[in-house]
Amino acid sequence: MIGALRGTLRSKDPAALIVDVGGVGYKVSVPLSTYYELPEAGANVDLRIYTHVRDVAIELYGFGSASEQAIFEALIGVSGIGPKLAVTVLSGMEVDTLVRAIANADVARLTTIPGVGKKTAERVALELKDKVVKIVPTEVAGPAGVREDVLSALLNLGYKRPHAEAALAQLGDDVTGFEELLRHSLRALAK
């Protein structure tokens, strides 16, 4: 199995890269988070690789960080999620945000990713809720992180920071999910 590739980036496209290693060009699919961190074509790259073997093909998936690869491998362990959907999920939001959404079982947030429906989001949250924080230790998983997301959403909706923060401050600790916090905050702001 191929675990890493170090070589020259021959071509760079969001769908796939070509990495030249000793005269052999390897086609590698990457999430957008890795794609945006890559140098221009012709530069040297060093990617972590997950090799997926199927009956008809061997596919390579590349990652710029260990945390991306770890979450990818956890995602493909969930029933109904293959490597292509896992790359789409990683492309849909940053790793820390994804970990926070899974750890808080924020189905509404997960369903904003193209290709992820309610049932898939629920399955991901159920199967990975306790695992993701161990895989990618982060302090963003928890009620404080969700409140920051709700504050960001309110600011994006055009509310002024002091008003949005005051609305969130009115809510007790029993309100924890993103969707629930957002709904209660909007009600408080409408008064």
# chains A, B, ... in the order shown; residues from 1 in each chain; ligands from 1
>>> residues_around(residues="Pro83 of chain A", least_positions_apart="5", cutoff="10 Å", atoms="only C-alpha atoms", output="PDB file with C-alpha atoms, in the first residue's frame")
ATOM      1  CA  SER A  29      -7.824  12.881  -5.154  1.00  0.00           C
ATOM      2  CA  TYR A  50      -4.753   6.542   1.735  1.00  0.00           C
ATOM      3  CA  THR A  51      -4.815   3.721  -0.840  1.00  0.00           C
ATOM      4  CA  HIS A  52      -8.286   2.429  -1.659  1.00  0.00           C
ATOM      5  CA  GLU A  59      -7.459   4.928  -6.021  1.00  0.00           C
ATOM      6  CA  LEU A  60      -5.189   7.260  -4.070  1.00  0.00           C
ATOM      7  CA  TYR A  61      -6.492   9.914  -1.682  1.00  0.00           C
ATOM      8  CA  PHE A  72     -11.206  10.612   6.385  1.00  0.00           C
ATOM      9  CA  GLU A  73     -10.453   7.085   7.631  1.00  0.00           C
ATOM     10  CA  LEU A  75     -15.648   8.628   7.901  1.00  0.00           C
ATOM     11  CA  ILE A  76     -15.138   5.716   5.493  1.00  0.00           C
ATOM     12  CA  GLY A  77     -15.662   3.397   8.464  1.00  0.00           C
ATOM     13  CA  THR A  88     -16.645  15.708  -0.165  1.00  0.00           C
ATOM     14  CA  VAL A  89     -17.333  15.924   3.580  1.00  0.00           C
TER      15      VAL A  89
END
>>> residues_around(residues="segment 157-169 of chain A", least_positions_apart="6", cutoff="12 Å", atoms="only C-alpha atoms", output="ChimeraX atom specification")
/A:143-144,146-151,175-176,178,180-191
>>> residues_around(residues="Ala86 of chain A", least_positions_apart="4", cutoff="12 Å", atoms="only C-alpha atoms", output="PyMOL selection string")
chain A and resi 29-32+50+61+68-82+90-93+95+98+113-116+120-121+124
>>> closest_residue(among="A:Asn44, A:Asn104, A:Gln170, A:Ser65", to="Arg10 of chain A", atoms="only C-alpha atoms")
A:Asn44
>>> select_by_dssp(residues="chain A", states="strand (DSSP E or B)", output="PDB file with C-alpha atoms, in the first residue's frame")
ATOM      1  CA  ALA A   4       2.929   8.778   1.281  1.00  0.00           C
ATOM      2  CA  LEU A   5       4.065  10.480  -1.905  1.00  0.00           C
ATOM      3  CA  ARG A   6       6.863  12.996  -2.244  1.00  0.00           C
ATOM      4  CA  GLY A   7       7.501  14.363  -5.691  1.00  0.00           C
ATOM      5  CA  THR A   8       6.771  17.067  -8.213  1.00  0.00           C
ATOM      6  CA  LEU A   9       3.251  18.378  -8.624  1.00  0.00           C
ATOM      7  CA  ARG A  10       2.675  17.984 -12.383  1.00  0.00           C
ATOM      8  CA  SER A  11      -0.917  19.193 -12.508  1.00  0.00           C
ATOM      9  CA  LYS A  12      -3.309  20.642  -9.999  1.00  0.00           C
ATOM     10  CA  LEU A  17      -3.649  15.982  -8.815  1.00  0.00           C
ATOM     11  CA  ILE A  18      -0.845  14.326 -10.706  1.00  0.00           C
ATOM     12  CA  VAL A  19       2.251  13.819  -8.556  1.00  0.00           C
ATOM     13  CA  ASP A  20       5.389  12.747 -10.420  1.00  0.00           C
ATOM     14  CA  VAL A  21       7.530  10.446  -8.287  1.00  0.00           C
ATOM     15  CA  VAL A  24       5.724   7.843 -12.543  1.00  0.00           C
ATOM     16  CA  GLY A  25       2.657  10.095 -12.374  1.00  0.00           C
ATOM     17  CA  TYR A  26       0.237   9.215  -9.588  1.00  0.00           C
ATOM     18  CA  LYS A  27      -3.343  10.492  -9.781  1.00  0.00           C
ATOM     19  CA  VAL A  28      -4.413  11.605  -6.304  1.00  0.00           C
ATOM     20  CA  SER A  29      -7.824  12.881  -5.154  1.00  0.00           C
ATOM     21  CA  ASN A  44       7.628  19.700  -4.791  1.00  0.00           C
ATOM     22  CA  VAL A  45       4.871  18.237  -2.634  1.00  0.00           C
ATOM     23  CA  ASP A  46       4.702  15.769   0.226  1.00  0.00           C
ATOM     24  CA  LEU A  47       1.306  14.144   0.779  1.00  0.00           C
ATOM     25  CA  ARG A  48      -0.060  11.552   3.181  1.00  0.00           C
ATOM     26  CA  ILE A  49      -1.854   8.896   1.138  1.00  0.00           C
ATOM     27  CA  TYR A  50      -4.753   6.542   1.735  1.00  0.00           C
ATOM     28  CA  THR A  51      -4.815   3.721  -0.840  1.00  0.00           C
ATOM     29  CA  HIS A  52      -8.286   2.429  -1.659  1.00  0.00           C
ATOM     30  CA  VAL A  53      -8.342  -0.883  -3.520  1.00  0.00           C
ATOM     31  CA  ILE A  58      -6.701   1.372  -7.123  1.00  0.00           C
ATOM     32  CA  GLU A  59      -7.459   4.928  -6.021  1.00  0.00           C
ATOM     33  CA  LEU A  60      -5.189   7.260  -4.070  1.00  0.00           C
ATOM     34  CA  TYR A  61      -6.492   9.914  -1.682  1.00  0.00           C
ATOM     35  CA  GLY A  62      -4.049  12.551  -0.464  1.00  0.00           C
ATOM     36  CA  PHE A  63      -3.978  14.757   2.616  1.00  0.00           C
TER      37      PHE A  63
END
>>> atom_distance(atom1="atom CA of Ala103 of chain A", atom2="atom CA of Val132 of chain A")
6.8 Å
>>> closest_residue(among="A:Glu94, A:Met1, A:Ser67, A:Arg54", to="Ser33 of chain A", atoms="only C-alpha atoms")
A:Glu94
>>> closest_residue(among="A:Ala57, A:Ala15, A:Ala66, A:Leu110", to="Glu179 of chain A", atoms="only C-alpha atoms")
A:Leu110
>>> atom_distance(atom1="atom CA of Tyr35 of chain A", atom2="atom CA of Asp13 of chain A")
8.0 Å
